[in-house]
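Have a look at structure-v8.csv; it's CSV, C-alpha atoms and all ligand atoms:
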chain,number,residue,atom,x,y,z
V,5,MET,CA,-34.5,-6.9,18.4
V,6,LEU,CA,-34.0,-10.4,17.1
V,7,THR,CA,-33.0,-13.3,19.4
V,8,ARG,CA,-29.6,-14.9,19.0
V,9,ALA,CA,-31.2,-17.9,17.3
V,10,GLU,CA,-33.1,-15.7,14.9
V,11,ILE,CA,-29.9,-13.8,14.0
V,12,LEU,CA,-28.0,-17.0,13.3
V,13,LYS,CA,-31.0,-18.2,11.2
V,14,LEU,CA,-30.8,-14.9,9.2
V,15,HIS,CA,-27.0,-15.5,8.8
V,16,ARG,CA,-27.5,-19.1,7.7
V,17,GLN,CA,-30.2,-18.2,5.2
V,18,SER,CA,-28.3,-15.4,3.6
V,19,ILE,CA,-26.0,-15.9,0.6
V,20,ILE,CA,-22.7,-14.7,2.0
V,21,VAL,CA,-20.0,-13.3,-0.3
V,22,ASP,CA,-16.5,-12.2,0.6
V,23,GLY,CA,-14.9,-9.9,-2.0
V,24,HIS,CA,-11.2,-10.8,-1.3
V,25,ALA,CA,-9.0,-13.5,0.2
V,26,ASP,CA,-5.3,-14.4,-0.4
V,27,THR,CA,-5.6,-18.0,0.9
V,28,PHE,CA,-4.1,-19.7,-2.2
V,29,GLY,CA,-0.9,-17.7,-2.0
V,30,ASN,CA,-0.2,-19.5,1.3
V,31,ILE,CA,-1.4,-22.8,-0.1
V,32,LEU,CA,0.9,-22.5,-3.0
V,33,SER,CA,4.0,-21.6,-0.9
V,34,CYS,CA,3.3,-24.2,1.8
V,35,ASN,CA,1.9,-26.9,-0.5
V,36,GLY,CA,-1.2,-26.8,1.7
V,37,ASP,CA,-4.6,-28.5,1.1
V,38,PHE,CA,-7.6,-26.0,1.2
V,39,LEU,CA,-10.0,-28.8,2.0
V,40,LYS,CA,-8.3,-29.8,5.3
V,41,PRO,CA,-8.2,-27.7,8.5
V,42,GLY,CA,-5.2,-25.4,8.6
V,43,PRO,CA,-3.5,-23.8,11.6
V,44,ARG,CA,-5.7,-21.3,13.5
V,45,ALA,CA,-5.0,-17.6,13.3
V,46,GLN,CA,-2.3,-16.0,15.3
V,47,ARG,CA,-3.5,-14.3,18.5
V,48,TRP,CA,-2.1,-11.1,19.9
V,49,GLY,CA,1.3,-11.5,21.5
V,50,GLU,CA,1.8,-14.9,19.9
V,51,LYS,CA,4.8,-15.7,17.8
V,52,LYS,CA,4.1,-16.0,14.1
V,53,HIS,CA,3.6,-19.5,12.6
V,54,PRO,CA,6.9,-20.8,11.1
V,55,HIS,CA,5.6,-20.4,7.6
V,56,ASN,CA,3.0,-17.6,8.3
V,57,ASN,CA,0.7,-20.0,6.5
V,58,TRP,CA,-3.0,-19.8,6.1
V,59,GLN,CA,-4.2,-18.5,9.4
V,60,HIS,CA,-7.7,-17.3,8.6
V,61,MET,CA,-9.5,-19.6,6.2
V,62,ASP,CA,-9.8,-23.2,4.9
V,63,PHE,CA,-12.8,-25.1,3.6
V,64,PRO,CA,-14.0,-26.4,7.1
V,65,ARG,CA,-13.9,-22.8,8.5
V,66,MET,CA,-15.6,-21.4,5.3
V,67,LEU,CA,-18.4,-23.9,5.9
V,68,LYS,CA,-18.7,-23.1,9.6
V,69,GLY,CA,-18.8,-19.3,8.9
V,70,GLY,CA,-21.4,-19.8,6.2
V,71,VAL,CA,-19.4,-18.1,3.4
V,72,ASP,CA,-21.0,-19.2,0.1
V,73,LEU,CA,-19.0,-17.4,-2.5
V,74,GLN,CA,-15.4,-16.3,-2.0
V,75,PHE,CA,-13.4,-14.1,-4.4
V,76,MET,CA,-10.1,-15.9,-4.5
V,77,ALA,CA,-7.2,-13.7,-5.4
V,78,ILE,CA,-4.2,-14.6,-7.6
V,79,TYR,CA,-1.7,-12.1,-6.2
V,80,THR,CA,1.7,-12.2,-7.9
V,81,PRO,CA,4.4,-10.6,-5.6
V,82,PRO,CA,6.6,-8.0,-7.4
V,83,SER,CA,9.6,-10.4,-7.0
V,84,TYR,CA,8.0,-12.2,-10.0
V,85,GLN,CA,8.2,-10.3,-13.3
V,86,SER,CA,7.3,-10.9,-16.9
V,87,ALA,CA,6.8,-14.5,-17.9
V,88,ASP,CA,7.8,-15.7,-14.3
V,89,ALA,CA,4.8,-13.7,-13.0
V,90,THR,CA,2.5,-15.4,-15.6
V,91,LEU,CA,3.8,-18.8,-14.6
V,92,TYR,CA,3.3,-18.1,-10.9
V,93,ALA,CA,-0.3,-17.0,-11.6
V,94,LEU,CA,-0.9,-20.2,-13.6
V,95,LYS,CA,0.4,-22.3,-10.8
V,96,MET,CA,-2.0,-20.6,-8.3
V,97,LEU,CA,-4.9,-21.1,-10.7
V,98,THR,CA,-4.0,-24.8,-10.9
V,99,ALA,CA,-4.0,-25.0,-7.1
V,100,MET,CA,-7.5,-23.5,-7.0
V,101,ARG,CA,-8.6,-25.9,-9.7
V,102,LYS,CA,-7.2,-28.8,-7.7
V,103,ALA,CA,-9.2,-27.8,-4.7
V,104,VAL,CA,-12.4,-27.5,-6.7
V,105,ASN,CA,-11.7,-31.0,-8.3
V,106,ASP,CA,-10.8,-32.6,-5.0
V,107,SER,CA,-14.0,-31.2,-3.4
V,108,LYS,CA,-16.0,-33.6,-5.6
V,109,GLY,CA,-18.7,-31.0,-6.4
V,110,LYS,CA,-18.8,-29.2,-3.1
V,111,ILE,CA,-17.0,-26.2,-4.5
V,112,VAL,CA,-17.7,-24.8,-8.0
V,113,PHE,CA,-16.2,-21.9,-10.0
V,114,ILE,CA,-18.6,-18.9,-10.5
V,115,ARG,CA,-18.2,-17.6,-14.0
V,116,SER,CA,-21.6,-15.9,-14.5
V,117,SER,CA,-24.9,-15.5,-12.6
V,118,LYS,CA,-26.0,-18.8,-14.1
V,119,ASP,CA,-23.8,-20.5,-11.6
V,120,PHE,CA,-25.7,-18.9,-8.7
V,121,LYS,CA,-28.1,-21.8,-8.8
V,122,GLU,CA,-25.2,-24.0,-7.5
V,123,LEU,CA,-24.9,-21.7,-4.4
V,124,ALA,CA,-28.7,-22.0,-3.9
V,125,LYS,CA,-28.2,-25.8,-3.7
V,126,GLY,CA,-25.7,-25.4,-0.9
V,127,LYS,CA,-22.5,-25.6,-2.9
V,128,LYS,CA,-19.7,-23.1,-2.3
V,129,GLY,CA,-18.2,-20.9,-5.0
V,130,PHE,CA,-14.9,-19.4,-6.0
V,131,LEU,CA,-14.8,-16.3,-8.1
V,132,ILE,CA,-11.2,-16.0,-9.3
V,133,ASP,CA,-9.7,-12.6,-9.4
V,134,ILE,CA,-6.3,-11.3,-10.4
V,135,GLU,CA,-4.7,-8.9,-7.9
V,136,SER,CA,-2.1,-6.9,-9.9
V,137,GLY,CA,-1.8,-7.3,-13.6
V,138,THR,CA,1.9,-8.0,-13.7
V,139,CYS,CA,1.1,-11.5,-14.7
V,140,LEU,CA,-0.4,-10.2,-18.0
V,141,ASP,CA,3.2,-9.6,-19.1
V,142,LYS,CA,2.0,-6.6,-21.1
V,143,SER,CA,-0.3,-8.7,-23.3
V,144,LEU,CA,-4.0,-8.3,-23.8
V,145,ARG,CA,-4.0,-11.8,-25.2
V,146,LEU,CA,-2.9,-13.1,-21.8
V,147,LEU,CA,-5.8,-11.3,-20.2
V,148,GLU,CA,-8.1,-13.0,-22.6
V,149,MET,CA,-6.4,-16.4,-21.8
V,150,PHE,CA,-7.0,-15.8,-18.1
V,151,TYR,CA,-10.7,-15.0,-18.9
V,152,TYR,CA,-11.0,-18.3,-20.7
V,153,LEU,CA,-9.4,-20.0,-17.7
V,154,GLY,CA,-12.1,-18.6,-15.5
V,155,VAL,CA,-10.8,-15.3,-14.1
V,156,ARG,CA,-13.6,-12.8,-13.7
V,157,SER,CA,-12.2,-9.9,-11.8
V,158,ILE,CA,-9.0,-7.9,-11.9
V,159,SER,CA,-7.2,-5.1,-10.0
V,160,LEU,CA,-4.6,-3.3,-12.0
V,161,THR,CA,-1.9,-3.2,-9.4
V,162,GLN,CA,-1.1,-3.9,-5.8
V,163,ASN,CA,0.8,-1.4,-3.5
V,164,HIS,CA,3.7,-1.1,-6.0
V,165,ALA,CA,4.1,0.2,-9.5
V,166,ASN,CA,3.8,-2.1,-12.5
V,167,GLU,CA,3.2,-2.0,-16.3
V,168,LEU,CA,-0.4,-0.9,-15.8
V,169,ALA,CA,-0.5,1.6,-12.9
V,170,ASP,CA,1.0,3.0,-9.7
V,171,GLY,CA,-0.2,1.6,-6.4
V,172,VAL,CA,-0.9,3.4,-3.1
V,173,ARG,CA,2.7,3.0,-1.7
V,174,VAL,CA,4.3,4.7,-4.7
V,175,ASP,CA,5.7,8.2,-4.0
V,176,ASN,CA,4.2,10.9,-6.3
V,177,PRO,CA,2.1,8.4,-8.2
V,178,CYS,CA,1.2,8.8,-11.8
V,179,GLY,CA,-2.0,7.9,-13.7
V,180,LEU,CA,-2.5,4.7,-15.7
V,181,THR,CA,0.0,3.7,-18.4
V,182,ALA,CA,-1.2,3.2,-22.0
V,183,PHE,CA,-1.3,-0.5,-21.3
V,184,GLY,CA,-3.3,0.0,-18.1
V,185,LYS,CA,-5.9,2.0,-20.1
V,186,GLN,CA,-6.1,-0.8,-22.8
V,187,VAL,CA,-6.6,-3.4,-20.1
V,188,ILE,CA,-9.6,-1.5,-18.8
V,189,LYS,CA,-11.2,-1.4,-22.2
V,190,GLU,CA,-10.5,-5.1,-22.7
V,191,VAL,CA,-11.9,-5.9,-19.2
V,192,ASN,CA,-15.1,-4.2,-20.2
V,193,ARG,CA,-15.2,-6.0,-23.6
V,194,LEU,CA,-14.7,-9.4,-22.0
V,195,GLY,CA,-17.2,-8.7,-19.2
V,196,MET,CA,-14.9,-8.8,-16.2
V,197,ILE,CA,-15.2,-6.9,-12.9
V,198,LEU,CA,-12.8,-3.9,-12.5
V,199,ASP,CA,-11.3,-3.7,-9.0
V,200,ILE,CA,-9.7,-0.4,-8.0
V,201,ALA,CA,-8.3,-1.7,-4.6
V,202,HIS,CA,-4.7,-0.6,-4.1
V,203,LEU,CA,-4.8,1.9,-7.0
V,204,ALA,CA,-3.3,5.4,-6.3
V,205,LYS,CA,-5.7,8.3,-6.8
V,206,PRO,CA,-4.3,9.5,-10.2
V,207,GLY,CA,-4.9,6.0,-11.6
V,208,PHE,CA,-8.3,5.9,-10.1
V,209,ARG,CA,-9.2,9.2,-11.8
V,210,ASP,CA,-8.0,7.8,-15.2
V,211,ALA,CA,-9.8,4.5,-14.6
V,212,VAL,CA,-13.2,6.1,-14.0
V,213,LYS,CA,-12.9,8.1,-17.2
V,214,ILE,CA,-12.4,5.0,-19.2
V,215,ALA,CA,-14.3,2.3,-17.5
V,216,ALA,CA,-18.0,1.5,-18.3
V,217,GLY,CA,-20.4,0.2,-15.7
V,218,PRO,CA,-19.9,-0.8,-12.1
V,219,ILE,CA,-16.5,-0.8,-10.5
V,220,ILE,CA,-15.5,-2.3,-7.1
V,221,SER,CA,-13.0,-1.9,-4.4
V,222,SER,CA,-12.8,-5.5,-3.2
V,223,HIS,CA,-10.9,-5.0,0.1
V,224,THR,CA,-10.4,-1.6,1.8
V,225,GLY,CA,-11.2,0.6,4.7
V,226,VAL,CA,-12.8,4.0,4.8
V,227,ARG,CA,-10.3,6.9,4.8
V,228,LYS,CA,-12.5,9.2,6.9
V,229,LEU,CA,-12.3,6.6,9.8
V,230,ARG,CA,-8.7,5.4,9.3
V,231,ASP,CA,-6.5,7.9,7.5
V,232,ILE,CA,-4.0,5.9,5.5
V,233,PRO,CA,-3.4,6.0,1.7
V,234,ARG,CA,-4.6,2.4,1.3
V,235,ASN,CA,-8.2,3.3,2.4
V,236,ILE,CA,-10.6,5.0,0.0
V,237,ASP,CA,-12.0,8.5,0.4
V,238,ASP,CA,-15.5,9.8,0.2
V,239,ASP,CA,-15.1,10.9,-3.5
V,240,GLN,CA,-14.1,7.4,-4.4
V,241,ILE,CA,-16.9,5.8,-2.5
V,242,LYS,CA,-19.3,8.3,-4.1
V,243,GLU,CA,-18.1,7.3,-7.6
V,244,ILE,CA,-18.4,3.6,-6.8
V,245,ALA,CA,-21.9,4.1,-5.5
V,246,ARG,CA,-22.9,6.2,-8.5
V,247,ARG,CA,-22.0,3.3,-10.7
V,248,LYS,CA,-23.8,0.9,-8.5
V,249,GLY,CA,-20.6,-1.0,-7.5
V,250,VAL,CA,-19.5,-2.3,-4.1
V,251,VAL,CA,-16.9,-1.4,-1.5
V,252,GLY,CA,-15.7,-4.5,0.3
V,253,ILE,CA,-14.6,-3.8,3.9
V,254,MET,CA,-11.5,-5.6,5.1
V,255,TYR,CA,-10.8,-6.9,8.6
V,256,LEU,CA,-7.1,-6.0,8.7
V,257,PRO,CA,-6.7,-4.4,12.2
V,258,GLU,CA,-4.2,-1.6,11.4
V,259,PHE,CA,-6.2,-0.5,8.4
V,260,ILE,CA,-9.4,-0.3,10.4
V,261,ILE,CA,-8.5,1.2,13.8
V,262,GLY,CA,-6.4,4.1,14.9
V,263,GLY,CA,-7.8,7.2,13.2
V,264,ASN,CA,-4.7,9.1,12.1
V,265,LEU,CA,-2.2,7.4,14.3
V,266,THR,CA,0.9,5.8,12.8
V,267,PHE,CA,1.2,2.0,12.7
V,268,GLN,CA,4.0,2.2,15.2
V,269,GLU,CA,1.8,4.1,17.6
V,270,ILE,CA,-1.0,1.6,17.3
V,271,ALA,CA,1.5,-1.2,18.1
V,272,ARG,CA,2.9,0.7,21.0
V,273,ARG,CA,-0.5,1.3,22.5
V,274,LYS,CA,-1.3,-2.4,21.9
V,275,MET,CA,-4.6,-1.3,20.4
V,276,VAL,CA,-7.0,-4.2,19.6
V,277,CYS,CA,-9.4,-4.2,16.6
V,278,ARG,CA,-12.8,-5.7,17.3
V,279,VAL,CA,-15.9,-6.6,15.3
V,280,PRO,CA,-17.6,-3.2,16.1
V,281,ASP,CA,-14.6,-1.4,14.6
V,282,VAL,CA,-15.1,-3.3,11.3
V,283,VAL,CA,-18.8,-2.6,11.3
V,284,ASP,CA,-18.1,1.1,11.9
V,285,HIS,CA,-16.6,1.1,8.3
V,286,ILE,CA,-19.6,-0.8,6.9
V,287,ALA,CA,-22.1,1.5,8.7
V,288,TYR,CA,-20.3,4.7,7.5
V,289,ILE,CA,-20.8,3.7,3.9
V,290,ALA,CA,-24.3,2.4,4.4
V,291,GLU,CA,-25.5,5.5,6.2
V,292,LYS,CA,-23.7,8.1,4.0
V,293,PHE,CA,-24.0,6.4,0.6
V,294,GLY,CA,-26.5,3.6,1.0
V,295,ALA,CA,-26.6,0.0,2.1
V,296,ASP,CA,-26.6,-1.1,-1.5
V,297,TYR,CA,-22.9,-0.2,-2.0
V,298,VAL,CA,-21.1,-2.0,0.8
V,299,GLY,CA,-20.1,-5.6,1.4
V,300,LEU,CA,-17.5,-7.8,3.0
V,301,GLY,CA,-13.9,-7.9,1.7
V,302,SER,CA,-12.0,-9.7,4.5
V,303,ASP,CA,-8.5,-9.9,3.0
V,304,PHE,CA,-8.2,-13.1,4.9
V,305,ASP,CA,-4.7,-14.7,4.6
V,306,GLY,CA,-3.4,-11.4,3.1
V,307,TYR,CA,-2.2,-10.2,6.5
V,308,SER,CA,-0.9,-11.6,9.8
V,309,GLY,CA,-2.7,-10.8,13.1
V,310,VAL,CA,-6.4,-10.9,13.8
V,311,THR,CA,-9.4,-8.8,14.6
V,312,LYS,CA,-10.9,-10.0,17.8
V,313,GLY,CA,-14.1,-11.8,17.1
V,314,LEU,CA,-13.1,-12.3,13.4
V,315,GLU,CA,-10.1,-14.5,14.0
V,316,ASP,CA,-11.1,-16.6,11.0
V,317,ALA,CA,-13.9,-17.3,8.5
V,318,ALA,CA,-15.8,-19.4,11.1
V,319,LYS,CA,-16.4,-16.3,13.1
V,320,LEU,CA,-18.4,-14.5,10.4
V,321,PRO,CA,-21.8,-14.7,12.3
V,322,ASN,CA,-20.4,-12.1,14.7
V,323,ILE,CA,-20.7,-9.5,11.9
V,324,THR,CA,-24.4,-10.3,11.4
V,325,ILE,CA,-24.9,-10.0,15.2
V,326,GLU,CA,-23.3,-6.6,15.2
V,327,LEU,CA,-25.3,-5.4,12.2
V,328,VAL,CA,-28.5,-6.4,14.0
V,329,LYS,CA,-27.3,-4.5,17.1
V,330,ARG,CA,-26.8,-1.4,15.0
V,331,GLY,CA,-30.4,-1.5,13.9
V,332,PHE,CA,-29.9,-2.6,10.3
V,333,HIS,CA,-33.0,-4.2,8.7
V,334,LYS,CA,-33.0,-7.8,7.6
V,335,ASP,CA,-33.0,-6.8,3.9
V,336,GLU,CA,-30.1,-4.4,4.4
V,337,ILE,CA,-28.2,-7.1,6.2
V,338,ARG,CA,-28.7,-9.7,3.4
V,339,LYS,CA,-27.4,-7.1,0.9
V,340,ILE,CA,-24.3,-6.3,3.0
V,341,LEU,CA,-23.6,-10.0,3.6
V,342,GLY,CA,-23.6,-10.8,-0.1
V,343,GLY,CA,-26.6,-9.5,-2.0
V,344,ASN,CA,-24.7,-6.4,-3.2
V,345,TRP,CA,-21.8,-8.5,-4.6
V,346,LEU,CA,-24.3,-10.8,-6.4
V,347,ARG,CA,-25.9,-7.8,-8.0
V,348,VAL,CA,-22.6,-6.6,-9.4
V,349,ILE,CA,-21.5,-10.0,-10.5
V,350,LYS,CA,-24.9,-10.4,-12.4
V,351,HIS,CA,-24.6,-7.0,-13.9
V,352,VAL,CA,-21.0,-7.4,-15.2
V,353,LEU,CA,-20.7,-11.1,-15.9
V,354,GLY,CA,-24.3,-11.6,-17.1
V,401,ZN,ZN,-4.6,-6.6,-1.4
Written as structure tokens, how would this file's structure read?
Amino acid sequence: MLTRAEILKLHRQSIIVDGHADTFGNILSCNGDFLKPGPRAQRWGEKKHPHNNWQHMDFPRMLKGGVDLQFMAIYTPPSYQSADATLYALKMLTAMRKAVNDSKGKIVFIRSSKDFKELAKGKKGFLIDIESGTCLDKSLRLLEMFYYLGVRSISLTQNHANELADGVRVDNPCGLTAFGKQVIKEVNRLGMILDIAHLAKPGFRDAVKIAAGPIISSHTGVRKLRDIPRNIDDDQIKEIARRKGVVGIMYLPEFIIGGNLTFQEIARRKMVCRVPDVVDHIAYIAEKFGADYVGLGSDFDGYSGVTKGLEDAAKLPNITIELVKRGFHKDEIRKILGGNWLRVIKHVLG
């Protein structure tokens, strides 16, 4: 067993990648500054912050937690449609660009594996992803525009239905639309990462028939441990592993704990999600499918509440401590913390 100092050294020396955060949605709505400390996360029993603004991550806490590369999501809520959605996405992209510019070289955009050398120098990276293709306004040209603007990953939809696909909260969901299928082909042609998070099962089945190469689920839980439609089942994990993709495990309490209880029942019992609960999901995939196919996908700032011990990005070493406790080898831990994400990025983006 490694000492605490040795575990923290392993954490510091690993390239750490988080597959999903919604931080810039809050920055945009509150006119926040990513580079400055934001309010801390809400604790159990506390009232929500007045603006429910970025509770989990900012640049100081990203540094403290040792996160090297963050997939930063452009999520367009369904209240924005057509060109309004495109405009909203462009505004969020501009907010990300402003943070990178203001960081004066401390943060860089990751567009291909050539940019990994910046991470090795100690810089931090953003990989921009689109969460829900509503902002494409049914145009493959706009997808290409977003690629030229630096977007490198895309999920077709969020929980709702849009012009591409049905999400997991749609009753009796259908497969992909004709446009959704075209988007996958274009994603492959451009060299972008296809993310199946939030996609309902019929859409998933269509997607894997069309898509070439690795696919990811950037932020999810394991259905076998927490039985809700939002989490992915063993067939989906198996397909992602077969394609040498990655499943990013989220820290959203109600999606991790509770087995098959309802959300109301979890709240009534005042159940608390802790670091070992999150690591249970990581360990499930590592043990059943292999440590090469699982990673981190916090969903920070995409939910309110906290997992105890993972209240914000600064607490990330607690995951490494738990992985060591479970008996994972150093090599496996490095892969889970970020090596697996780097492999997929290199494979897909070149
Ligand atoms: Zn999401």
Cut-off 10 Å, only C-alpha atoms and all ligand atoms, neighbours of ligand ZN 401 (chain V) as a JSON list (two decimals) with C-alpha atoms, in the coordinates of the input:
[["chain", "number", "residue", "atom", "x", "y", "z"],
["V", 24, "HIS", "CA", -11.20, -10.80, -1.30],
["V", 25, "ALA", "CA", -9.00, -13.50, 0.20],
["V", 26, "ASP", "CA", -5.30, -14.40, -0.40],
["V", 77, "ALA", "CA", -7.20, -13.70, -5.40],
["V", 79, "TYR", "CA", -1.70, -12.10, -6.20],
["V", 135, "GLU", "CA", -4.70, -8.90, -7.90],
["V", 136, "SER", "CA", -2.10, -6.90, -9.90],
["V", 159, "SER", "CA", -7.20, -5.10, -10.00],
["V", 161, "THR", "CA", -1.90, -3.20, -9.40],
["V", 162, "GLN", "CA", -1.10, -3.90, -5.80],
["V", 163, "ASN", "CA", 0.80, -1.40, -3.50],
["V", 201, "ALA", "CA", -8.30, -1.70, -4.60],
["V", 202, "HIS", "CA", -4.70, -0.60, -4.10],
["V", 222, "SER", "CA", -12.80, -5.50, -3.20],
["V", 223, "HIS", "CA", -10.90, -5.00, 0.10],
["V", 224, "THR", "CA", -10.40, -1.60, 1.80],
["V", 234, "ARG", "CA", -4.60, 2.40, 1.30],
["V", 254, "MET", "CA", -11.50, -5.60, 5.10],
["V", 301, "GLY", "CA", -13.90, -7.90, 1.70],
["V", 302, "SER", "CA", -12.00, -9.70, 4.50],
["V", 303, "ASP", "CA", -8.50, -9.90, 3.00],
["V", 304, "PHE", "CA", -8.20, -13.10, 4.90],
["V", 306, "GLY", "CA", -3.40, -11.40, 3.10],
["V", 307, "TYR", "CA", -2.20, -10.20, 6.50]]
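Going from atom CA of Lys68 of chain V over to atom CA of Lys319 of chain V, you cover 8.0 Å.
The coordinates place atom CA of Ile78 of chain V at 23.6 Å from atom CA of Gly343 of chain V.
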Handout entry: Ref. answer, residues at most 10 Å from (-27.3, -12.7, 7.6) with all atoms listed in the file, as a PyMOL selection string
Key = chain V and resi 10-20+70+320-325+327-328+334-342
Handout entry: Contacts of Lys185 of chain V at 10 Å (all atoms listed in the file; same-chain gap of 2+ positions) as a PyMOL selection string
Key = chain V and resi 160+168-169+179-183+187-191+207+210-211+213-215
Practice task
Can you work out the spacing between atom CA of Lys350 of chain V and atom CA of Gly249 of chain V in Å, to one decimal?
Solution key: 11.4 Å
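Using only C-alpha atoms, the smallest distance between any of V:Asp284, V:Phe28, V:Phe63, V:Ser83 and Thr98 of chain V comes from V:Phe28.
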Shell around Cys277 of chain V at 8 Å using only C-alpha atoms, local window under 6 positions removed, as a CSV table (one decimal) with C-alpha atoms, in the coordinates of the input:
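What follows is the written file out_27.csv:
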chain,number,residue,atom,x,y,z
V,257,PRO,CA,-6.7,-4.4,12.2
V,258,GLU,CA,-4.2,-1.6,11.4
V,260,ILE,CA,-9.4,-0.3,10.4
V,261,ILE,CA,-8.5,1.2,13.8
V,310,VAL,CA,-6.4,-10.9,13.8
V,311,THR,CA,-9.4,-8.8,14.6
V,312,LYS,CA,-10.9,-10.0,17.8
Take every atom of segment 24-39 of chain V listed in the file, fit an axis-aligned box around them, add 5 Å per side, and give the centre and edge lengths in Å to one decimal as JSON.
{"center_x": -3.6, "center_y": -19.8, "center_z": -0.5, "size_x": 25.2, "size_y": 28.0, "size_z": 15.0}
Practice task
Select, from V:Ile200, V:Leu97, V:Ile241, V:Val104, the residue with the minimum atom-to-atom distance to Lys128 of chain V, counting only C-alpha atoms.
Solution key: V:Val104
Handout entry: Selection as a PyMOL selection string: residues within 7 Å of (-6.5, 9.1, -3.7), counting only C-alpha atoms
Key = chain V and resi 204-206+233+236-237
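Using all atoms listed in the file, the nearest neighbour of Gly69 of chain V within the list V:Val279, V:Leu256, V:Ile114, V:Val21 is V:Val21.
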Handout entry: Residue neighbourhood segment 36-41 of chain V, 10 Å, only C-alpha atoms, exclusion window fewer than 5 positions, as a ChimeraX atom specification
Key = /V:27-31,57-58,61-66,99-100,102-104,106-107,111
Since we have the selection now, will you write its residues out, keeping C-alpha atoms, as a PDB file, in the coordinates of the input?
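Output saved as out_25.pdb:
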ATOM      1  CA  THR V  27      -5.600 -18.000   0.900  1.00  0.00           C
ATOM      2  CA  PHE V  28      -4.100 -19.700  -2.200  1.00  0.00           C
ATOM      3  CA  GLY V  29      -0.900 -17.700  -2.000  1.00  0.00           C
ATOM      4  CA  ASN V  30      -0.200 -19.500   1.300  1.00  0.00           C
ATOM      5  CA  ILE V  31      -1.400 -22.800  -0.100  1.00  0.00           C
ATOM      6  CA  ASN V  57       0.700 -20.000   6.500  1.00  0.00           C
ATOM      7  CA  TRP V  58      -3.000 -19.800   6.100  1.00  0.00           C
ATOM      8  CA  MET V  61      -9.500 -19.600   6.200  1.00  0.00           C
ATOM      9  CA  ASP V  62      -9.800 -23.200   4.900  1.00  0.00           C
ATOM     10  CA  PHE V  63     -12.800 -25.100   3.600  1.00  0.00           C
ATOM     11  CA  PRO V  64     -14.000 -26.400   7.100  1.00  0.00           C
ATOM     12  CA  ARG V  65     -13.900 -22.800   8.500  1.00  0.00           C
ATOM     13  CA  MET V  66     -15.600 -21.400   5.300  1.00  0.00           C
ATOM     14  CA  ALA V  99      -4.000 -25.000  -7.100  1.00  0.00           C
ATOM     15  CA  MET V 100      -7.500 -23.500  -7.000  1.00  0.00           C
ATOM     16  CA  LYS V 102      -7.200 -28.800  -7.700  1.00  0.00           C
ATOM     17  CA  ALA V 103      -9.200 -27.800  -4.700  1.00  0.00           C
ATOM     18  CA  VAL V 104     -12.400 -27.500  -6.700  1.00  0.00           C
ATOM     19  CA  ASP V 106     -10.800 -32.600  -5.000  1.00  0.00           C
ATOM     20  CA  SER V 107     -14.000 -31.200  -3.400  1.00  0.00           C
ATOM     21  CA  ILE V 111     -17.000 -26.200  -4.500  1.00  0.00           C
TER      22      ILE V 111
END
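Here the question is which of V:Asn344, V:Thr266, V:Ser308, V:Ser33 gets nearest to Asp296 of chain V using only C-alpha atoms, and that residue is V:Asn344.
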Hey, what's within 10 Å of Asp175 of chain V if we count only C-alpha atoms and toss same-chain stuff fewer than 2 positions away? As a short mmCIF file (atom, residue, chain, number, x, y, z; two decimals) with C-alpha atoms, keeping the file's coordinate frame, please?
data_model
loop_
_atom_site.label_atom_id
_atom_site.label_comp_id
_atom_site.auth_asym_id
_atom_site.auth_seq_id
_atom_site.Cartn_x
_atom_site.Cartn_y
_atom_site.Cartn_z
CA HIS V 164 3.70 -1.10 -6.00
CA ALA V 165 4.10 0.20 -9.50
CA ASP V 170 1.00 3.00 -9.70
CA GLY V 171 -0.20 1.60 -6.40
CA VAL V 172 -0.90 3.40 -3.10
CA ARG V 173 2.70 3.00 -1.70
CA PRO V 177 2.10 8.40 -8.20
CA CYS V 178 1.20 8.80 -11.80
CA ALA V 204 -3.30 5.40 -6.30
#
Problem - Ser116 of chain V environment, 10 Å, only C-alpha atoms, sequence neighbours closer than 5 positions dropped, as a ChimeraX atom specification - result: /V:131,154,156,195-196,346,349-354
Would you save the residues from that selection as an mmCIF file, in the frame of the given file, using C-alpha atoms?
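For reference, selection-v7.cif as written:
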data_model
loop_
_atom_site.group_PDB
_atom_site.id
_atom_site.type_symbol
_atom_site.label_atom_id
_atom_site.label_comp_id
_atom_site.auth_asym_id
_atom_site.auth_seq_id
_atom_site.Cartn_x
_atom_site.Cartn_y
_atom_site.Cartn_z
ATOM 1 C CA LEU V 131 -14.800 -16.300 -8.100
ATOM 2 C CA GLY V 154 -12.100 -18.600 -15.500
ATOM 3 C CA ARG V 156 -13.600 -12.800 -13.700
ATOM 4 C CA GLY V 195 -17.200 -8.700 -19.200
ATOM 5 C CA MET V 196 -14.900 -8.800 -16.200
ATOM 6 C CA LEU V 346 -24.300 -10.800 -6.400
ATOM 7 C CA ILE V 349 -21.500 -10.000 -10.500
ATOM 8 C CA LYS V 350 -24.900 -10.400 -12.400
ATOM 9 C CA HIS V 351 -24.600 -7.000 -13.900
ATOM 10 C CA VAL V 352 -21.000 -7.400 -15.200
ATOM 11 C CA LEU V 353 -20.700 -11.100 -15.900
ATOM 12 C CA GLY V 354 -24.300 -11.600 -17.100
#
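Minimum distance to Ala245 of chain V across V:Gly217, V:Leu194, V:Lys108, V:Val283 (counting only C-alpha atoms) occurs at V:Gly217.
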